[in-house]
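S.K.: What follows is the file coords.cif, containing mmCIF, N, CA and C atoms:
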data_entry
loop_
_atom_site.label_atom_id
_atom_site.label_comp_id
_atom_site.auth_asym_id
_atom_site.auth_seq_id
_atom_site.Cartn_x
_atom_site.Cartn_y
_atom_site.Cartn_z
N MET A 1 -10.28 -4.55 9.43
CA MET A 1 -10.03 -5.01 8.07
C MET A 1 -11.33 -5.13 7.29
N GLU A 2 -12.41 -5.41 7.98
CA GLU A 2 -13.69 -5.53 7.29
C GLU A 2 -14.02 -4.26 6.51
N ARG A 3 -13.85 -3.13 7.15
CA ARG A 3 -14.15 -1.85 6.47
C ARG A 3 -13.22 -1.64 5.28
N ALA A 4 -11.96 -2.00 5.41
CA ALA A 4 -11.01 -1.87 4.30
C ALA A 4 -11.43 -2.76 3.13
N LEU A 5 -11.91 -3.95 3.41
CA LEU A 5 -12.39 -4.85 2.36
C LEU A 5 -13.62 -4.28 1.66
N ILE A 6 -14.49 -3.63 2.41
CA ILE A 6 -15.66 -2.98 1.82
C ILE A 6 -15.21 -1.86 0.88
N GLU A 7 -14.23 -1.08 1.31
CA GLU A 7 -13.70 0.00 0.47
C GLU A 7 -13.04 -0.57 -0.79
N ALA A 8 -12.35 -1.69 -0.65
CA ALA A 8 -11.70 -2.32 -1.80
C ALA A 8 -12.74 -2.82 -2.81
N ALA A 9 -13.80 -3.43 -2.32
CA ALA A 9 -14.86 -3.91 -3.21
C ALA A 9 -15.53 -2.75 -3.93
N ALA A 10 -15.73 -1.65 -3.23
CA ALA A 10 -16.32 -0.46 -3.85
C ALA A 10 -15.39 0.10 -4.93
N ALA A 11 -14.10 0.07 -4.66
CA ALA A 11 -13.13 0.53 -5.66
C ALA A 11 -13.22 -0.34 -6.92
N ALA A 12 -13.29 -1.64 -6.73
CA ALA A 12 -13.39 -2.55 -7.87
C ALA A 12 -14.65 -2.26 -8.68
N ALA A 13 -15.74 -1.99 -8.00
CA ALA A 13 -17.00 -1.68 -8.68
C ALA A 13 -16.89 -0.40 -9.52
N ARG A 14 -16.00 0.48 -9.14
CA ARG A 14 -15.76 1.72 -9.90
C ARG A 14 -14.71 1.54 -10.99
N GLY A 15 -14.15 0.32 -11.10
CA GLY A 15 -13.13 0.06 -12.10
C GLY A 15 -11.72 0.35 -11.62
N GLU A 16 -11.56 0.55 -10.33
CA GLU A 16 -10.25 0.80 -9.73
C GLU A 16 -9.67 -0.51 -9.23
N VAL A 17 -8.35 -0.58 -9.13
CA VAL A 17 -7.72 -1.75 -8.50
C VAL A 17 -8.27 -1.84 -7.08
N PRO A 18 -8.78 -3.01 -6.68
CA PRO A 18 -9.48 -3.13 -5.40
C PRO A 18 -8.56 -3.14 -4.18
N VAL A 19 -8.19 -1.96 -3.77
CA VAL A 19 -7.44 -1.78 -2.53
C VAL A 19 -8.22 -0.79 -1.68
N GLY A 20 -8.39 -1.15 -0.42
CA GLY A 20 -9.09 -0.28 0.52
C GLY A 20 -8.22 -0.03 1.73
N ALA A 21 -8.38 1.15 2.32
CA ALA A 21 -7.59 1.52 3.50
C ALA A 21 -8.46 2.24 4.51
N VAL A 22 -8.13 2.05 5.77
CA VAL A 22 -8.85 2.68 6.87
C VAL A 22 -7.82 3.16 7.88
N VAL A 23 -8.04 4.35 8.43
CA VAL A 23 -7.21 4.86 9.53
C VAL A 23 -8.10 4.92 10.76
N THR A 24 -7.63 4.28 11.83
CA THR A 24 -8.36 4.28 13.10
C THR A 24 -7.51 4.92 14.18
N ASP A 25 -8.20 5.46 15.19
CA ASP A 25 -7.47 6.06 16.30
C ASP A 25 -7.17 5.01 17.37
N ALA A 26 -6.65 5.44 18.49
CA ALA A 26 -6.23 4.51 19.55
C ALA A 26 -7.39 3.70 20.11
N THR A 27 -8.63 4.21 19.99
CA THR A 27 -9.79 3.48 20.50
C THR A 27 -10.39 2.54 19.46
N GLY A 28 -9.87 2.62 18.22
CA GLY A 28 -10.41 1.81 17.14
C GLY A 28 -11.46 2.52 16.31
N ALA A 29 -11.76 3.77 16.66
CA ALA A 29 -12.74 4.54 15.90
C ALA A 29 -12.17 4.89 14.53
N VAL A 30 -13.00 4.78 13.52
CA VAL A 30 -12.58 5.09 12.15
C VAL A 30 -12.49 6.60 11.97
N LEU A 31 -11.31 7.06 11.59
CA LEU A 31 -11.09 8.47 11.28
C LEU A 31 -11.30 8.74 9.79
N ALA A 32 -10.91 7.79 8.96
CA ALA A 32 -11.03 7.95 7.52
C ALA A 32 -10.95 6.59 6.85
N ALA A 33 -11.60 6.50 5.69
CA ALA A 33 -11.57 5.27 4.90
C ALA A 33 -11.60 5.66 3.43
N ALA A 34 -10.93 4.87 2.60
CA ALA A 34 -10.88 5.17 1.18
C ALA A 34 -10.55 3.92 0.38
N GLY A 35 -10.92 3.97 -0.87
CA GLY A 35 -10.50 2.97 -1.84
C GLY A 35 -9.66 3.68 -2.88
N ASN A 36 -8.96 2.92 -3.69
CA ASN A 36 -8.16 3.53 -4.76
C ASN A 36 -9.02 4.44 -5.63
N GLU A 37 -8.44 5.56 -6.07
CA GLU A 37 -9.12 6.49 -6.97
C GLU A 37 -8.17 6.96 -8.08
N VAL A 38 -7.22 6.11 -8.43
CA VAL A 38 -6.22 6.46 -9.43
C VAL A 38 -6.87 6.82 -10.76
N GLU A 39 -7.78 5.98 -11.24
CA GLU A 39 -8.42 6.21 -12.53
C GLU A 39 -9.37 7.40 -12.48
N ALA A 40 -10.16 7.50 -11.44
CA ALA A 40 -11.14 8.58 -11.33
C ALA A 40 -10.47 9.95 -11.26
N ARG A 41 -9.34 10.02 -10.59
CA ARG A 41 -8.64 11.31 -10.42
C ARG A 41 -7.55 11.54 -11.46
N ASN A 42 -7.30 10.52 -12.29
CA ASN A 42 -6.17 10.60 -13.23
C ASN A 42 -4.90 10.96 -12.47
N ASP A 43 -4.71 10.28 -11.37
CA ASP A 43 -3.61 10.60 -10.45
C ASP A 43 -3.00 9.30 -9.94
N PRO A 44 -1.79 8.96 -10.38
CA PRO A 44 -1.18 7.70 -9.94
C PRO A 44 -0.84 7.66 -8.45
N THR A 45 -0.94 8.79 -7.77
CA THR A 45 -0.68 8.80 -6.32
C THR A 45 -1.97 8.64 -5.50
N ALA A 46 -3.11 8.51 -6.15
CA ALA A 46 -4.39 8.43 -5.44
C ALA A 46 -4.67 7.01 -4.94
N HIS A 47 -3.67 6.45 -4.26
CA HIS A 47 -3.83 5.13 -3.64
C HIS A 47 -4.71 5.27 -2.40
N ALA A 48 -5.38 4.20 -2.05
CA ALA A 48 -6.28 4.20 -0.90
C ALA A 48 -5.57 4.69 0.37
N GLU A 49 -4.34 4.23 0.57
CA GLU A 49 -3.61 4.61 1.79
C GLU A 49 -3.38 6.11 1.86
N ILE A 50 -2.94 6.69 0.75
CA ILE A 50 -2.65 8.13 0.71
C ILE A 50 -3.93 8.92 0.99
N LEU A 51 -5.02 8.53 0.34
CA LEU A 51 -6.29 9.23 0.53
C LEU A 51 -6.78 9.14 1.97
N ALA A 52 -6.69 7.95 2.56
CA ALA A 52 -7.15 7.77 3.93
C ALA A 52 -6.26 8.52 4.92
N LEU A 53 -4.95 8.46 4.72
CA LEU A 53 -4.03 9.17 5.61
C LEU A 53 -4.26 10.67 5.55
N ARG A 54 -4.42 11.22 4.36
CA ARG A 54 -4.67 12.65 4.21
C ARG A 54 -5.98 13.06 4.89
N ALA A 55 -7.02 12.26 4.69
CA ALA A 55 -8.32 12.58 5.29
C ALA A 55 -8.25 12.51 6.82
N ALA A 56 -7.55 11.52 7.35
CA ALA A 56 -7.42 11.40 8.81
C ALA A 56 -6.65 12.58 9.38
N ALA A 57 -5.57 12.98 8.72
CA ALA A 57 -4.78 14.12 9.18
C ALA A 57 -5.61 15.40 9.14
N ALA A 58 -6.39 15.57 8.08
CA ALA A 58 -7.25 16.74 7.98
C ALA A 58 -8.29 16.74 9.10
N ARG A 59 -8.85 15.58 9.36
CA ARG A 59 -9.87 15.47 10.42
C ARG A 59 -9.29 15.81 11.78
N LEU A 60 -8.06 15.36 12.04
CA LEU A 60 -7.42 15.62 13.33
C LEU A 60 -6.73 16.98 13.38
N GLY A 61 -6.54 17.59 12.22
CA GLY A 61 -5.85 18.87 12.17
C GLY A 61 -4.38 18.75 12.51
N SER A 62 -3.76 17.65 12.07
CA SER A 62 -2.36 17.41 12.38
C SER A 62 -1.69 16.65 11.24
N PRO A 63 -0.44 16.98 10.93
CA PRO A 63 0.26 16.23 9.90
C PRO A 63 0.82 14.89 10.39
N ARG A 64 0.65 14.61 11.66
CA ARG A 64 1.14 13.36 12.23
C ARG A 64 0.00 12.58 12.89
N LEU A 65 0.09 11.26 12.77
CA LEU A 65 -0.96 10.37 13.29
C LEU A 65 -0.33 9.33 14.23
N PRO A 66 0.33 9.76 15.31
CA PRO A 66 1.14 8.85 16.12
C PRO A 66 0.39 7.78 16.90
N ASP A 67 -0.91 7.97 17.10
CA ASP A 67 -1.69 6.97 17.83
C ASP A 67 -2.61 6.18 16.91
N CYS A 68 -2.36 6.27 15.62
CA CYS A 68 -3.28 5.69 14.63
C CYS A 68 -2.74 4.42 13.98
N THR A 69 -3.69 3.64 13.51
CA THR A 69 -3.38 2.43 12.75
C THR A 69 -3.89 2.60 11.33
N LEU A 70 -3.05 2.28 10.37
CA LEU A 70 -3.44 2.23 8.97
C LEU A 70 -3.69 0.77 8.63
N THR A 71 -4.91 0.45 8.25
CA THR A 71 -5.27 -0.91 7.86
C THR A 71 -5.56 -0.88 6.37
N VAL A 72 -4.92 -1.78 5.63
CA VAL A 72 -5.04 -1.77 4.18
C VAL A 72 -5.10 -3.21 3.66
N THR A 73 -5.82 -3.42 2.58
CA THR A 73 -6.03 -4.77 2.08
C THR A 73 -4.83 -5.37 1.37
N LEU A 74 -3.88 -4.52 0.95
CA LEU A 74 -2.70 -4.99 0.23
C LEU A 74 -1.46 -4.36 0.85
N GLU A 75 -0.39 -5.13 0.90
CA GLU A 75 0.88 -4.59 1.39
C GLU A 75 1.16 -3.25 0.71
N PRO A 76 1.39 -2.20 1.48
CA PRO A 76 1.64 -0.89 0.87
C PRO A 76 2.84 -0.89 -0.07
N CYS A 77 2.69 -0.14 -1.16
CA CYS A 77 3.79 0.05 -2.09
C CYS A 77 4.83 0.96 -1.43
N PRO A 78 5.99 1.14 -2.04
CA PRO A 78 7.00 2.01 -1.44
C PRO A 78 6.50 3.44 -1.17
N MET A 79 5.72 4.00 -2.10
CA MET A 79 5.21 5.36 -1.90
C MET A 79 4.32 5.43 -0.66
N CYS A 80 3.42 4.46 -0.52
CA CYS A 80 2.48 4.47 0.60
C CYS A 80 3.17 4.13 1.92
N ALA A 81 4.14 3.24 1.87
CA ALA A 81 4.91 2.92 3.08
C ALA A 81 5.66 4.15 3.56
N GLN A 82 6.28 4.88 2.64
CA GLN A 82 7.01 6.09 3.02
C GLN A 82 6.05 7.14 3.56
N ALA A 83 4.88 7.27 2.94
CA ALA A 83 3.89 8.22 3.45
C ALA A 83 3.47 7.86 4.86
N ALA A 84 3.25 6.58 5.12
CA ALA A 84 2.87 6.15 6.47
C ALA A 84 3.96 6.52 7.47
N SER A 85 5.21 6.41 7.05
CA SER A 85 6.32 6.81 7.91
C SER A 85 6.28 8.32 8.16
N PHE A 86 6.05 9.09 7.11
CA PHE A 86 5.98 10.55 7.26
C PHE A 86 4.81 10.97 8.16
N PHE A 87 3.69 10.26 8.07
CA PHE A 87 2.55 10.55 8.92
C PHE A 87 2.75 10.04 10.35
N ARG A 88 3.81 9.25 10.55
CA ARG A 88 4.17 8.72 11.87
C ARG A 88 3.09 7.80 12.46
N VAL A 89 2.45 6.99 11.60
CA VAL A 89 1.44 6.08 12.13
C VAL A 89 2.08 5.09 13.09
N LYS A 90 1.32 4.67 14.05
CA LYS A 90 1.82 3.73 15.05
C LYS A 90 1.95 2.33 14.49
N ARG A 91 0.98 1.94 13.64
CA ARG A 91 0.92 0.56 13.17
C ARG A 91 0.35 0.51 11.76
N ILE A 92 0.84 -0.45 10.99
CA ILE A 92 0.26 -0.76 9.69
C ILE A 92 -0.18 -2.22 9.74
N VAL A 93 -1.44 -2.45 9.41
CA VAL A 93 -1.99 -3.79 9.31
C VAL A 93 -2.39 -3.98 7.85
N PHE A 94 -1.91 -5.06 7.23
CA PHE A 94 -2.30 -5.27 5.84
C PHE A 94 -2.72 -6.71 5.60
N GLY A 95 -3.46 -6.88 4.52
CA GLY A 95 -3.99 -8.20 4.16
C GLY A 95 -3.04 -8.99 3.29
N ALA A 96 -3.18 -8.86 1.99
CA ALA A 96 -2.39 -9.64 1.04
C ALA A 96 -0.97 -9.09 0.93
N TYR A 97 -0.02 -10.00 0.80
CA TYR A 97 1.36 -9.61 0.53
C TYR A 97 1.49 -9.29 -0.96
N ASP A 98 2.42 -8.40 -1.29
CA ASP A 98 2.60 -8.01 -2.69
C ASP A 98 4.06 -8.19 -3.09
N PRO A 99 4.44 -9.41 -3.51
CA PRO A 99 5.83 -9.67 -3.87
C PRO A 99 6.34 -8.80 -5.02
N LYS A 100 5.44 -8.37 -5.90
CA LYS A 100 5.86 -7.58 -7.06
C LYS A 100 5.97 -6.09 -6.74
N GLY A 101 5.01 -5.54 -6.03
CA GLY A 101 4.98 -4.09 -5.84
C GLY A 101 5.01 -3.61 -4.41
N GLY A 102 5.15 -4.53 -3.47
CA GLY A 102 5.15 -4.13 -2.06
C GLY A 102 6.38 -3.33 -1.67
N GLY A 103 6.23 -2.59 -0.60
CA GLY A 103 7.35 -1.79 -0.11
C GLY A 103 7.64 -2.00 1.36
N VAL A 104 6.98 -2.99 1.96
CA VAL A 104 7.15 -3.26 3.38
C VAL A 104 7.94 -4.55 3.58
N GLU A 105 7.35 -5.66 3.20
CA GLU A 105 8.01 -6.96 3.33
C GLU A 105 8.74 -7.36 2.05
N HIS A 106 8.43 -6.69 0.96
CA HIS A 106 9.01 -6.99 -0.35
C HIS A 106 9.59 -5.73 -0.96
N GLY A 107 10.25 -5.88 -2.10
CA GLY A 107 10.73 -4.72 -2.85
C GLY A 107 11.65 -3.82 -2.05
N ALA A 108 11.29 -2.55 -2.01
CA ALA A 108 12.15 -1.53 -1.41
C ALA A 108 12.33 -1.67 0.11
N ARG A 109 11.42 -2.36 0.76
CA ARG A 109 11.47 -2.53 2.23
C ARG A 109 11.81 -1.20 2.90
N ILE A 110 10.93 -0.25 2.72
CA ILE A 110 11.12 1.13 3.18
C ILE A 110 11.54 1.22 4.64
N PHE A 111 10.94 0.41 5.50
CA PHE A 111 11.21 0.54 6.94
C PHE A 111 12.55 -0.05 7.36
N ALA A 112 13.18 -0.80 6.45
CA ALA A 112 14.51 -1.35 6.74
C ALA A 112 15.63 -0.41 6.29
N ALA A 113 15.27 0.63 5.56
CA ALA A 113 16.28 1.57 5.05
C ALA A 113 16.82 2.45 6.18
N PRO A 114 18.11 2.68 6.21
CA PRO A 114 18.68 3.52 7.27
C PRO A 114 18.16 4.96 7.22
N SER A 115 17.65 5.38 6.08
CA SER A 115 17.12 6.74 5.95
C SER A 115 15.70 6.88 6.48
N CYS A 116 15.08 5.78 6.88
CA CYS A 116 13.71 5.81 7.40
C CYS A 116 13.74 6.29 8.85
N HIS A 117 13.07 7.39 9.12
CA HIS A 117 13.10 7.99 10.45
C HIS A 117 12.03 7.47 11.40
N HIS A 118 11.00 6.86 10.87
CA HIS A 118 9.93 6.32 11.73
C HIS A 118 9.51 4.96 11.19
N VAL A 119 9.58 3.96 12.06
CA VAL A 119 9.21 2.60 11.68
C VAL A 119 7.99 2.19 12.51
N PRO A 120 6.83 2.03 11.85
CA PRO A 120 5.65 1.58 12.58
C PRO A 120 5.69 0.08 12.85
N GLU A 121 4.86 -0.34 13.76
CA GLU A 121 4.65 -1.78 13.97
C GLU A 121 3.97 -2.31 12.71
N ILE A 122 4.36 -3.49 12.26
CA ILE A 122 3.80 -4.09 11.04
C ILE A 122 3.12 -5.41 11.37
N VAL A 123 1.89 -5.56 10.89
CA VAL A 123 1.15 -6.81 11.03
C VAL A 123 0.64 -7.17 9.64
N GLY A 124 1.19 -8.21 9.03
CA GLY A 124 0.79 -8.60 7.69
C GLY A 124 -0.01 -9.88 7.67
N GLY A 125 -0.75 -10.08 6.60
CA GLY A 125 -1.48 -11.32 6.40
C GLY A 125 -2.84 -11.39 7.06
N VAL A 126 -3.38 -10.26 7.51
CA VAL A 126 -4.69 -10.25 8.16
C VAL A 126 -5.78 -10.33 7.08
N ARG A 127 -6.56 -11.38 7.12
CA ARG A 127 -7.58 -11.66 6.09
C ARG A 127 -6.95 -11.66 4.70
N GLU A 128 -5.78 -12.25 4.65
CA GLU A 128 -5.00 -12.31 3.42
C GLU A 128 -5.77 -12.95 2.27
N THR A 129 -6.45 -14.04 2.53
CA THR A 129 -7.19 -14.74 1.48
C THR A 129 -8.29 -13.88 0.91
N ASP A 130 -9.03 -13.20 1.77
CA ASP A 130 -10.12 -12.33 1.30
C ASP A 130 -9.57 -11.20 0.41
N SER A 131 -8.48 -10.60 0.86
CA SER A 131 -7.87 -9.51 0.10
C SER A 131 -7.34 -10.00 -1.25
N ALA A 132 -6.64 -11.12 -1.23
CA ALA A 132 -6.06 -11.67 -2.46
C ALA A 132 -7.15 -12.11 -3.44
N THR A 133 -8.24 -12.64 -2.93
CA THR A 133 -9.35 -13.07 -3.79
C THR A 133 -9.94 -11.89 -4.55
N LEU A 134 -10.13 -10.77 -3.87
CA LEU A 134 -10.64 -9.56 -4.54
C LEU A 134 -9.71 -9.14 -5.68
N LEU A 135 -8.43 -9.13 -5.41
CA LEU A 135 -7.46 -8.72 -6.42
C LEU A 135 -7.42 -9.69 -7.60
N ARG A 136 -7.40 -10.99 -7.31
CA ARG A 136 -7.36 -11.99 -8.38
C ARG A 136 -8.58 -11.89 -9.28
N ALA A 137 -9.75 -11.76 -8.67
CA ALA A 137 -10.99 -11.67 -9.44
C ALA A 137 -10.99 -10.43 -10.33
N PHE A 138 -10.51 -9.33 -9.81
CA PHE A 138 -10.46 -8.08 -10.56
C PHE A 138 -9.57 -8.23 -11.78
N PHE A 139 -8.36 -8.75 -11.59
CA PHE A 139 -7.42 -8.87 -12.71
C PHE A 139 -7.80 -9.99 -13.68
N SER A 140 -8.41 -11.05 -13.18
CA SER A 140 -8.88 -12.13 -14.06
C SER A 140 -9.92 -11.62 -15.04
N ALA A 141 -10.81 -10.76 -14.56
CA ALA A 141 -11.86 -10.22 -15.41
C ALA A 141 -11.32 -9.31 -16.50
N ARG A 142 -10.10 -8.80 -16.32
CA ARG A 142 -9.52 -7.87 -17.28
C ARG A 142 -8.55 -8.54 -18.25
N ARG A 143 -8.30 -9.82 -18.07
CA ARG A 143 -7.34 -10.51 -18.95
C ARG A 143 -8.05 -11.24 -20.05
#
As structure tokens, what does this structure read like?
M.R.:
Amino acid sequence: MERALIEAAAAAARGEVPVGAVVTDATGAVLAAAGNEVEARNDPTAHAEILALRAAAARLGSPRLPDCTLTVTLEPCPMCAQAASFFRVKRIVFGAYDPKGGGVEHGARIFAAPSCHHVPEIVGGVRETDSATLLRAFFSARR
């Protein structure tokens, strides 16, 4: 989670919503890390999770990441949760819960849908305060 928080802080410094994501393999080695790049790419799908998952898959040369963990500072939105399912990640670890836009524990609850073909292990609330503090500070500065 530390690396994901570093990516989130870097995203905030670039004017992006401070969300960071890291994909690690079964040994814990970092395969890919990213922060949000929605504004920089003019692409609403350029969430940290999507960027990190794509980079990890490219690095491994596989569209599936069955032994990997996606660690992210904020509960994944429905798009990112579905992508994690498509990538077949083993586990998702996230920091802050997102009652408004989350897709795992809140909102669409992607993994509870009968149409979801792969359900990863979910661990929420890891360094929740640190993740939430980054987000609050970012949005407070913009209001």
S.K.: Pick from A:Gly103, A:Gly124, A:Gly28, A:Gly20: nearest to A:Val72, with all atoms listed in the file counted?
M.R.: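 Under the stated criterion, the closest residue is A:Gly20.
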S.K.: Do you know which residues the PyMOL selection byres ((chain A and resi 127-136) around 7) returns on this file, as JSON, numbers by chain?
M.R.: {"A": [5, 17, 18, 73, 74, 94, 95, 96, 97, 124, 125, 126, 137, 138, 139, 140, 141]}
S.K.: Please identify all polymer residues within 8 Å of A:Ile6, counting all atoms listed in the file, omitting same-chain residues fewer than 3 positions from it, and present them as a PyMOL selection string.
M.R.: chain A and resi 1-3+9-12+19-21+34-35
S.K.: Residues at most 6 Å from A:Leu31, counting only N, CA and C atoms, excluding those fewer than 3 positions away in the same chain, as a list in words?
M.R.: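 Using only N, CA and C atoms, the neighbours found are Val23, Thr24, Asp25, Ala55 and Ala56 of chain A.
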S.K.: Show me, as AutoDock Vina command-line options, the centre and edge lengths in Å to one decimal of the axis-aligned box that covers every listed atom of stretch 19-36 of chain A with 3 Å on each side.
M.R.:
--center_x -9.6 --center_y 3.4 --center_z 7.4 --size_x 12.8 --size_y 16.7 --size_z 32.1
S.K.: Assuming the chain letters and numbering stay as they are in my file, what does the PyMOL selection byres (((chain A and resi 37 and name CA) around 7) and name CA) actually select? List them as a list in words.
M.R.: Glu16, Gly35, Asn36, Val38, Glu39, Ala40, Arg41, Ala46 and His47 of chain A
S.K.: Taking the file as shown, find all residues satisfying the PyMOL selection byres ((chain A and resi 53) around 8) and write them as a ChimeraX atom specification.
M.R.: /A:21-23,32-34,47-52,54-59,70,83-84,87
S.K.: Nearest to A:His106 among A:Pro78, A:Pro63, A:Gly15, A:Ala8, with distances taken over only N, CA and C atoms: which residue is it?
M.R.: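 With only N, CA and C atoms as the atom set, the closest residue is A:Pro78.
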S.K.: When you look at A:Gly102 with a cut-off of 7 Å (counting only C-alpha atoms), what residues show up, excluding the ones that are within fewer than 5 positions of it in the same chain? I need them as JSON, numbers by chain.
M.R.: {"A": [75, 76, 77, 78, 107]}
S.K.: For A:Val104, which residue among A:Val30, A:Ala81, A:Leu60, A:Ile92 is the nearest when counting only C-alpha atoms?
M.R.: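 With only C-alpha atoms as the atom set, the closest residue is A:Ala81.
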S.K.: Could you jot down the atom N of A:Met79 to atom CA of A:Cys116 separation for me, Å, one decimal place?
M.R.: 12.5 Å
S.K.: Quick one: DSSP helix (DSSP H, G or I) residues in stretch 33-97 of chain A, as a list in words?
M.R.: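 The residues of stretch 33-97 of chain A classed as helix (DSSP H, G or I) are Val38, Glu39, Ala40, Arg41, Ala48, Glu49, Ile50, Leu51, Ala52, Leu53, Arg54, Ala55, Ala56, Ala57, Ala58, Arg59, Leu60, Pro78, Met79, Cys80, Ala81, Gln82, Ala83, Ala84, Ser85, Phe86 and Phe87 of chain A.
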